[in-house]
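Engineer: What follows is structure.cif, made up of mmCIF, C-alpha atoms and all ligand atoms:
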```cif
data_structure
#
loop_
_atom_site.label_atom_id
_atom_site.label_comp_id
_atom_site.auth_asym_id
_atom_site.auth_seq_id
_atom_site.Cartn_x
_atom_site.Cartn_y
_atom_site.Cartn_z
CA MET A 291 11.61 19.60 13.55
CA LYS A 292 8.43 17.59 13.05
CA ARG A 293 8.34 14.01 14.29
CA ALA A 294 6.38 11.23 12.55
CA LEU A 295 5.61 7.63 13.43
CA ILE A 296 5.11 5.06 10.65
CA THR A 297 3.73 1.58 11.24
CA GLY A 298 4.71 -0.83 8.48
CA ILE A 299 7.84 1.21 7.79
CA THR A 300 9.70 -1.72 6.20
CA GLY A 301 7.06 -2.25 3.49
CA GLN A 302 6.92 -0.68 0.02
CA ASP A 303 4.90 2.36 1.11
CA GLY A 304 6.64 2.66 4.47
CA THR A 305 10.12 3.01 2.97
CA TYR A 306 8.98 5.55 0.35
CA LEU A 307 7.06 7.54 2.94
CA ALA A 308 10.02 7.52 5.34
CA GLU A 309 12.29 8.85 2.58
CA HIS A 310 9.73 11.50 1.61
CA LEU A 311 9.36 12.72 5.22
CA LEU A 312 13.14 12.68 5.77
CA SER A 313 13.54 14.83 2.65
CA LEU A 314 11.09 17.30 4.22
CA GLY A 315 13.21 17.47 7.38
CA TYR A 316 11.14 15.17 9.64
CA GLU A 317 12.47 12.98 12.41
CA VAL A 318 11.01 9.60 11.40
CA HIS A 319 10.24 6.74 13.76
CA GLY A 320 8.98 3.33 12.70
CA LEU A 321 7.45 0.26 14.26
CA VAL A 322 9.05 -3.01 13.20
CA ARG A 323 8.91 -6.63 14.22
CA GLN A 324 11.70 -7.82 16.50
CA THR A 325 13.06 -10.14 13.78
CA ASN A 326 13.09 -7.26 11.27
CA LEU A 327 14.89 -5.02 13.72
CA GLU A 328 17.70 -7.53 14.08
CA SER A 329 18.23 -7.76 10.32
CA LEU A 330 17.91 -3.98 9.93
CA GLU A 331 20.51 -3.41 12.63
CA GLY A 332 22.68 -5.97 10.88
CA GLY A 333 22.71 -3.48 7.99
CA ARG A 334 20.91 -5.72 5.54
CA THR A 335 18.35 -3.11 4.57
CA GLY A 336 19.72 0.24 3.51
CA GLY A 337 18.03 3.30 2.08
CA GLY A 338 16.29 5.85 4.21
CA LEU A 339 15.56 3.40 7.01
CA SER A 340 19.08 3.74 8.37
CA GLN A 341 18.21 7.36 9.22
CA CYS A 342 15.01 6.43 11.10
CA LEU A 343 14.53 5.43 14.72
CA LEU A 344 13.09 1.94 14.71
CA HIS A 345 11.18 0.42 17.61
CA ALA A 346 10.45 -3.30 17.96
CA ILE A 347 6.90 -2.95 19.22
CA SER A 348 4.01 -5.12 18.12
CA LEU A 349 0.72 -3.46 17.21
CA ASP A 350 -1.06 -5.98 19.39
CA SER A 351 0.78 -4.68 22.47
CA PHE A 352 -1.28 -1.89 23.97
CA PRO A 353 1.28 -1.33 26.79
CA GLY A 354 4.12 -1.19 24.24
CA LEU A 355 2.35 1.45 22.16
CA HIS A 356 1.45 3.35 25.29
CA ARG A 357 5.08 3.47 26.45
CA LEU A 358 6.32 4.67 23.04
CA ILE A 359 3.69 7.38 22.63
CA LYS A 360 4.29 8.52 26.20
CA LYS A 361 8.01 8.83 25.52
CA TYR A 362 7.91 10.71 22.19
CA LYS A 363 5.61 13.52 21.14
CA PHE A 364 4.54 12.72 17.56
CA ASP A 365 3.11 15.33 15.20
CA GLU A 366 1.89 12.75 12.69
CA CYS A 367 1.21 9.01 12.70
CA TYR A 368 0.89 6.98 9.50
CA HIS A 369 -0.70 3.61 10.11
CA LEU A 370 0.32 1.51 7.11
CA ALA A 371 0.90 -1.88 8.75
CA SER A 372 -1.62 -4.64 8.20
CA VAL A 373 -1.91 -8.35 7.75
CA SER A 374 -2.64 -8.53 4.05
CA PHE A 375 -4.08 -11.98 3.63
CA VAL A 376 -6.81 -11.64 0.99
CA GLY A 377 -8.47 -15.04 1.27
CA GLU A 378 -12.07 -15.48 0.28
CA HIS A 379 -13.06 -17.57 3.31
CA LEU A 380 -14.22 -15.76 6.41
CA ALA A 381 -13.33 -18.74 8.58
CA ASP A 382 -9.65 -18.33 7.66
CA GLY A 383 -9.59 -14.67 8.53
CA PHE A 384 -9.62 -14.50 12.33
CA HIS A 385 -6.02 -13.36 12.63
CA THR A 386 -6.34 -10.83 9.77
CA MET A 387 -9.41 -9.25 11.29
CA PHE A 388 -8.23 -9.35 14.88
CA ALA A 389 -4.77 -7.95 14.14
CA ASN A 390 -5.86 -5.24 11.71
CA ILE A 391 -8.86 -3.94 13.63
CA SER A 392 -7.31 -4.00 17.10
CA GLY A 393 -4.01 -2.56 15.83
CA THR A 394 -5.86 0.49 14.50
CA HIS A 395 -7.97 0.73 17.63
CA PHE A 396 -4.98 0.45 20.03
CA LEU A 397 -3.17 3.21 18.15
CA LEU A 398 -6.16 5.56 18.05
CA ALA A 399 -7.04 4.95 21.70
CA THR A 400 -3.44 5.57 22.80
CA LEU A 401 -3.20 8.75 20.78
CA GLN A 402 -6.52 10.00 22.09
CA ASP A 403 -5.33 9.35 25.62
CA LEU A 404 -1.82 10.80 25.37
CA GLN A 405 -1.55 12.96 22.23
CA PRO A 406 -4.94 13.87 20.79
CA ASP A 407 -3.30 16.55 18.61
CA CYS A 408 -1.22 14.00 16.69
CA ARG A 409 -2.52 13.76 13.13
CA PHE A 410 -3.39 10.25 11.99
CA TYR A 411 -3.41 8.67 8.52
CA PHE A 412 -4.94 5.26 7.94
CA ALA A 413 -4.09 3.19 4.86
CA GLY A 414 -7.43 2.15 3.42
CA SER A 415 -7.69 0.04 0.28
CA SER A 416 -9.81 -0.47 -2.81
CA GLU A 417 -10.58 -3.89 -1.25
CA MET A 418 -13.02 -1.91 0.93
CA PHE A 419 -15.28 -1.66 -2.13
CA GLY A 420 -14.98 -5.42 -2.65
CA ARG A 421 -17.55 -6.26 -5.28
CA PRO A 422 -18.68 -2.76 -6.20
CA THR A 423 -21.98 -1.92 -7.81
CA GLU A 424 -20.55 0.96 -9.85
CA ALA A 425 -17.35 1.96 -11.64
CA PRO A 426 -15.41 4.11 -11.09
CA GLN A 427 -15.69 4.14 -7.30
CA SER A 428 -15.52 7.41 -5.36
CA GLU A 429 -15.79 8.53 -1.73
CA GLN A 430 -19.57 8.15 -2.14
CA THR A 431 -19.55 4.51 -3.30
CA PRO A 432 -20.90 2.04 -0.70
CA PHE A 433 -18.44 -0.41 0.81
CA LEU A 434 -19.14 -4.07 0.06
CA PRO A 435 -16.00 -5.85 1.29
CA ARG A 436 -15.86 -9.51 0.43
CA ASN A 437 -12.98 -10.93 2.44
CA PRO A 438 -11.48 -10.62 5.94
CA TYR A 439 -8.89 -8.10 4.78
CA GLY A 440 -11.49 -5.82 3.20
CA ILE A 441 -13.77 -6.11 6.23
CA SER A 442 -10.90 -5.23 8.57
CA LYS A 443 -10.09 -2.16 6.45
CA VAL A 444 -13.72 -0.98 6.42
CA THR A 445 -13.99 -1.48 10.20
CA SER A 446 -10.74 0.41 10.79
CA HIS A 447 -12.00 3.17 8.52
CA HIS A 448 -15.13 3.49 10.68
CA LEU A 449 -12.95 3.63 13.80
CA VAL A 450 -10.95 6.45 12.21
CA ARG A 451 -14.13 8.32 11.34
CA ASN A 452 -15.47 7.82 14.85
CA TYR A 453 -12.36 9.16 16.55
CA ARG A 454 -12.59 12.16 14.22
CA GLU A 455 -16.27 12.80 14.87
CA SER A 456 -16.48 11.86 18.55
CA TYR A 457 -13.18 13.29 19.82
CA GLY A 458 -12.37 15.95 17.23
CA MET A 459 -9.09 14.27 16.32
CA TYR A 460 -7.44 14.88 12.95
CA CYS A 461 -7.77 11.35 11.50
CA VAL A 462 -8.12 10.45 7.82
CA THR A 463 -8.37 7.40 5.59
CA GLY A 464 -6.78 7.25 2.15
CA ILE A 465 -8.55 4.68 -0.01
CA LEU A 466 -5.69 3.54 -2.21
CA TYR A 467 -5.90 1.47 -5.36
CA ASN A 468 -3.04 -0.85 -6.37
CA HIS A 469 0.27 0.96 -6.45
CA GLU A 470 3.48 -0.56 -7.67
CA SER A 471 7.22 0.11 -7.75
CA PRO A 472 10.53 -1.76 -7.81
CA ARG A 473 9.87 -2.37 -4.09
CA ARG A 474 6.60 -4.24 -4.68
CA ARG A 475 6.70 -7.75 -3.28
CA PRO A 476 7.05 -10.44 -5.97
CA GLU A 477 3.75 -12.11 -5.07
CA PHE A 478 2.03 -9.24 -6.89
CA VAL A 479 1.60 -9.71 -10.59
CA THR A 480 3.45 -6.54 -11.68
CA ARG A 481 6.69 -7.43 -9.91
CA LYS A 482 6.31 -11.07 -10.86
CA ILE A 483 6.28 -9.93 -14.48
CA THR A 484 9.20 -7.46 -14.28
CA ARG A 485 11.38 -10.00 -12.43
CA ALA A 486 10.62 -12.62 -15.06
CA VAL A 487 11.34 -10.15 -17.89
CA ALA A 488 14.79 -9.49 -16.42
CA ARG A 489 15.53 -13.21 -16.07
CA ILE A 490 14.26 -14.05 -19.55
CA ALA A 491 16.27 -11.17 -21.07
CA SER A 492 19.41 -12.47 -19.39
CA GLY A 493 18.80 -16.06 -20.49
CA GLN A 494 18.10 -17.44 -17.01
CA LYS A 495 14.49 -18.35 -17.78
CA GLN A 496 12.35 -19.04 -20.83
CA HIS A 497 8.69 -18.74 -19.78
CA LEU A 498 6.47 -16.93 -17.37
CA GLU A 499 3.33 -18.58 -16.01
CA LEU A 500 0.48 -16.22 -15.15
CA GLY A 501 -3.24 -16.53 -14.46
CA ASN A 502 -5.93 -14.39 -16.01
CA LEU A 503 -4.37 -12.11 -18.63
CA ASP A 504 -7.62 -10.18 -19.05
CA ALA A 505 -7.69 -9.19 -15.37
CA LEU A 506 -8.00 -5.44 -14.97
CA ARG A 507 -6.38 -3.21 -12.38
CA ASP A 508 -5.99 0.51 -11.71
CA TRP A 509 -2.20 0.55 -11.24
CA GLY A 510 -0.53 3.65 -9.80
CA TYR A 511 3.03 4.42 -8.74
CA ALA A 512 3.76 4.04 -5.01
CA PRO A 513 5.91 7.21 -4.54
CA ASP A 514 3.06 9.30 -6.01
CA TYR A 515 0.70 7.83 -3.43
CA VAL A 516 2.92 8.46 -0.38
CA ARG A 517 3.10 12.13 -1.39
CA ALA A 518 -0.68 12.17 -1.16
CA MET A 519 -0.60 10.61 2.33
CA HIS A 520 1.49 13.51 3.60
CA LEU A 521 -0.72 16.04 1.79
CA MET A 522 -3.83 14.56 3.42
CA VAL A 523 -2.31 14.86 6.88
CA THR A 524 -1.24 18.50 6.53
CA GLN A 525 -4.50 20.19 5.54
CA PRO A 526 -6.55 22.69 7.58
CA ALA A 527 -9.30 20.08 8.10
CA PRO A 528 -9.34 16.26 7.96
CA LYS A 529 -11.04 14.50 5.05
CA ASP A 530 -10.98 11.04 3.43
CA TYR A 531 -10.00 10.64 -0.21
CA VAL A 532 -9.83 8.00 -2.95
CA LEU A 533 -6.37 7.73 -4.54
CA ALA A 534 -6.23 6.17 -7.97
CA THR A 535 -5.11 6.78 -11.54
CA GLY A 536 -8.60 6.19 -12.95
CA HIS A 537 -7.09 4.10 -15.79
CA LEU A 538 -7.74 0.39 -16.13
CA ARG A 539 -5.16 -1.86 -17.77
CA THR A 540 -5.05 -5.58 -18.30
CA VAL A 541 -2.32 -7.94 -17.15
CA ARG A 542 -1.73 -8.48 -20.88
CA GLU A 543 -1.00 -4.75 -21.33
CA PHE A 544 1.40 -4.81 -18.41
CA CYS A 545 3.20 -7.78 -20.00
CA ALA A 546 3.43 -6.03 -23.38
CA ALA A 547 4.87 -2.87 -21.79
CA ALA A 548 7.39 -4.80 -19.66
CA PHE A 549 8.66 -7.16 -22.37
CA SER A 550 8.98 -4.31 -24.88
CA GLN A 551 11.49 -2.68 -22.51
CA VAL A 552 13.96 -5.44 -23.38
CA GLY A 553 12.91 -5.77 -27.04
CA LEU A 554 11.01 -9.04 -26.58
CA ASP A 555 7.53 -10.10 -27.70
CA TRP A 556 5.60 -11.08 -24.57
CA GLN A 557 3.47 -13.56 -26.50
CA GLU A 558 6.50 -15.78 -27.07
CA HIS A 559 7.17 -16.10 -23.34
CA VAL A 560 3.95 -15.79 -21.32
CA VAL A 561 1.60 -18.70 -20.72
CA SER A 562 -1.70 -18.56 -18.87
CA VAL A 563 -2.18 -21.48 -16.48
CA ASP A 564 -5.13 -22.55 -14.34
CA ARG A 565 -3.00 -22.62 -11.19
CA PHE A 566 -2.81 -18.82 -11.05
CA PHE A 567 -6.25 -18.11 -12.48
CA ARG A 568 -8.65 -15.99 -10.39
CA GLN A 569 -12.12 -15.19 -11.59
CA GLU A 570 -12.55 -11.48 -12.21
CA ASP A 571 -15.59 -9.51 -11.08
CA ALA A 572 -18.09 -8.06 -13.52
CA VAL A 573 -17.55 -4.52 -12.22
CA PRO A 574 -13.84 -3.67 -12.09
CA LEU A 575 -12.09 -1.82 -9.28
CA VAL A 576 -11.16 1.55 -10.73
CA GLY A 577 -10.97 4.73 -8.71
CA ASP A 578 -12.34 8.21 -9.24
CA SER A 579 -9.81 10.48 -7.51
CA SER A 580 -11.23 13.75 -8.82
CA LEU A 581 -11.92 15.01 -5.28
CA ILE A 582 -8.30 14.96 -4.10
CA ARG A 583 -7.17 16.35 -7.47
CA ALA A 584 -9.59 19.27 -7.20
CA GLU A 585 -9.25 19.98 -3.48
CA LEU A 586 -5.59 19.22 -2.74
CA GLY A 587 -4.10 19.59 -6.22
CA TRP A 588 -2.70 16.06 -6.15
CA SER A 589 -2.04 14.17 -9.37
CA PRO A 590 0.22 11.27 -10.27
CA LYS A 591 3.54 12.41 -11.74
CA CYS A 592 4.81 9.10 -13.08
CA THR A 593 3.16 7.54 -16.14
CA PHE A 594 2.37 3.86 -16.51
CA ASP A 595 5.19 3.37 -19.04
CA GLU A 596 7.73 5.20 -16.87
CA MET A 597 6.77 3.05 -13.90
CA VAL A 598 7.09 -0.21 -15.88
CA ARG A 599 10.48 0.95 -17.22
CA GLU A 600 11.76 1.72 -13.72
CA MET A 601 10.62 -1.69 -12.44
CA VAL A 602 12.22 -3.59 -15.34
CA GLU A 603 15.46 -1.60 -15.08
CA TYR A 604 15.67 -2.29 -11.36
CA ASP A 605 15.13 -6.02 -11.88
CA LEU A 606 17.75 -6.03 -14.66
CA THR A 607 20.28 -4.54 -12.25
CA LEU A 608 19.43 -7.27 -9.72
CA VAL A 609 19.95 -10.14 -12.18
CA ARG A 610 23.24 -8.62 -13.37
CA GLN A 611 24.63 -8.47 -9.83
CA PRO A 612 27.25 -11.15 -9.19
P1 LIG B 701 -4.40 -7.74 -6.06
O1 LIG B 701 -5.13 -8.99 -6.41
O2 LIG B 701 -5.10 -6.52 -6.55
O3 LIG B 701 -4.04 -7.66 -4.61
O4 LIG B 701 -2.99 -7.72 -6.85
P2 LIG B 701 -2.21 -8.85 -7.67
O5 LIG B 701 -1.01 -8.17 -8.24
O6 LIG B 701 -1.97 -10.09 -6.85
O7 LIG B 701 -3.22 -9.26 -8.84
C1 LIG B 701 -3.65 -8.33 -9.79
C2 LIG B 701 -4.45 -9.05 -10.86
O8 LIG B 701 -3.56 -9.84 -11.66
C3 LIG B 701 -5.51 -10.01 -10.31
O9 LIG B 701 -6.71 -9.79 -11.00
C4 LIG B 701 -4.98 -11.39 -10.66
O10 LIG B 701 -6.03 -12.31 -10.96
C5 LIG B 701 -4.18 -11.09 -11.91
N1 LIG B 701 -3.15 -12.09 -12.16
C6 LIG B 701 -2.98 -12.77 -13.33
N2 LIG B 701 -1.96 -13.63 -13.22
C7 LIG B 701 -1.45 -13.50 -11.97
C8 LIG B 701 -0.38 -14.13 -11.28
O11 LIG B 701 0.33 -14.99 -11.81
N3 LIG B 701 -0.15 -13.70 -9.99
C9 LIG B 701 -0.90 -12.73 -9.40
N4 LIG B 701 -0.61 -12.35 -8.14
N5 LIG B 701 -1.95 -12.13 -10.02
C10 LIG B 701 -2.21 -12.51 -11.29
#
```
Show this structure as structure tokens.
Ligand code: GDP
Structural biologist:
Amino acid sequence: MKRALITGITGQDGTYLAEHLLSLGYEVHGLVRQTNLESLEGGRTGGGLSQCLLHAISLDSFPGLHRLIKKYKFDECYHLASVSFVGEHLADGFHTMFANISGTHFLLATLQDLQPDCRFYFAGSSEMFGRPTEAPQSEQTPFLPRNPYGISKVTSHHLVRNYRESYGMYCVTGILYNHESPRRRPEFVTRKITRAVARIASGQKQHLELGNLDALRDWGYAPDYVRAMHLMVTQPAPKDYVLATGHLRTVREFCAAAFSQVGLDWQEHVVSVDRFFRQEDAVPLVGDSSLIRAELGWSPKCTFDEMVREMVEYDLTLVRQP
């Protein structure tokens, strides 16, 4: 039986990846915060996590990671955890940069020391391209990160590449564009919309306040992307890939698709307010994932409309619960 370690196992991608690996017969371990472990043990989070071995070890504890990796022999490690503050101001980003960069470095250094054969996946992000000079972006596009989160992801990516090139370790970065699901946190616009649709449809709410309705994103479906993570880790040779749908849609289009699921006209319920407005960049973030499609045969299975339907249906079940 193969054994995998997932950091960030309680997040959207972590839970889907854990379920995917369990379905393939893996023994799955996860790193969680102490407070999360207590609520998980209290049975408040179900799903696949109840079948995983969870360890309350912080990524900023080199000795803690060392003890864990000394105790268990891992075949694969998926490093998904990160501080995801996406502020514009560098001066606010000390914790984001410190935690994200040293977390990746501690993990890689420990693996190199104790288990250099363990395969390593790092969760990169389209934020690494920041303000890109071209669209769509591919593996060849230069990184121009523009906030502490993006800079920490680019730096971690270079660490991953260095451990691969200098020590011959199997380490890869997946550069993932936005990916959504019913498990997306409600701070993100997609889930904010589907939750509001469910509440408006059930009469609990009348209006939804959003920011820029013309904002464009390349929105994929999270379970499709975790399949790709596992594919990337199980190849004959390590390689980095961009993971994206390649389709841009506006927030307005997402609203139209979500409201139409419950037979409502979005224009009667959505208002754009300054409070949530963010200026969009001239060149949009949209990914060219033709390399992974050609080389690994990956492609998204779920369409945009199917994903929106699943998210709305899930939020409808939540509002109908007593
Ligand atoms: P991210 O910015 O790519 O990490 O993802 P978000 O889901 O937070 O935002 C996606 C896009 O939706 C951005 O371009 C936002 O400017 C736009 N957007 C428009 N209205 C809202 C809103 O009310 N909340 C959020 N989070 N984003 C909004």
Engineer: Give the residue list for ligand LIG 701 (chain B) at 8 Å, counting all atoms listed in the file, as JSON, numbers by chain, sorted by chain and then by residue number.
Structural biologist: {"A": [376, 468, 477, 478, 479, 480, 481, 482, 499, 500, 501, 502, 503, 504, 505, 506, 507, 541, 562, 566, 567, 568, 569, 570]}
Engineer: Between atom CA of A:Gly393 and atom CA of A:Tyr453, what is the distance, to one decimal in Å?
Structural biologist: 14.4 Å
Engineer: Select, from A:Pro590, A:Pro513, A:Pro432, A:Pro406, the residue with the minimum atom-to-atom distance to A:Cys461, counting only C-alpha atoms.
Structural biologist: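 Closest to A:Cys461, using only C-alpha atoms: A:Pro406.
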Engineer: Between atom CA of A:Lys591 and atom CA of A:Asp514, what distance in Å does the model show, to one decimal?
Structural biologist: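 So the answer is 6.5 Å.
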Engineer: Between atom CA of A:Gly420 and atom CA of A:Asp508, what is the distance, to one decimal in Å?
Structural biologist: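 Atom CA of A:Gly420 sits 14.1 Å away from atom CA of A:Asp508.
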Engineer: Using only C-alpha atoms, what table do you get, as JSON lines, when you list each residue of stretch 410-489 of chain A with an atom no more than 9 Å from stretch 380-384 of chain A, its nearest pair of atoms, and their distance in Å rounded to one decimal, rows by chain then rising number?
Structural biologist:
```
{"residue": "A:Arg436", "atom": "CA", "partner": "A:Leu380", "partner_atom": "CA", "distance": 8.8}
{"residue": "A:Asn437", "atom": "CA", "partner": "A:Leu380", "partner_atom": "CA", "distance": 6.4}
{"residue": "A:Pro438", "atom": "CA", "partner": "A:Gly383", "partner_atom": "CA", "distance": 5.2}
{"residue": "A:Tyr439", "atom": "CA", "partner": "A:Gly383", "partner_atom": "CA", "distance": 7.6}
```
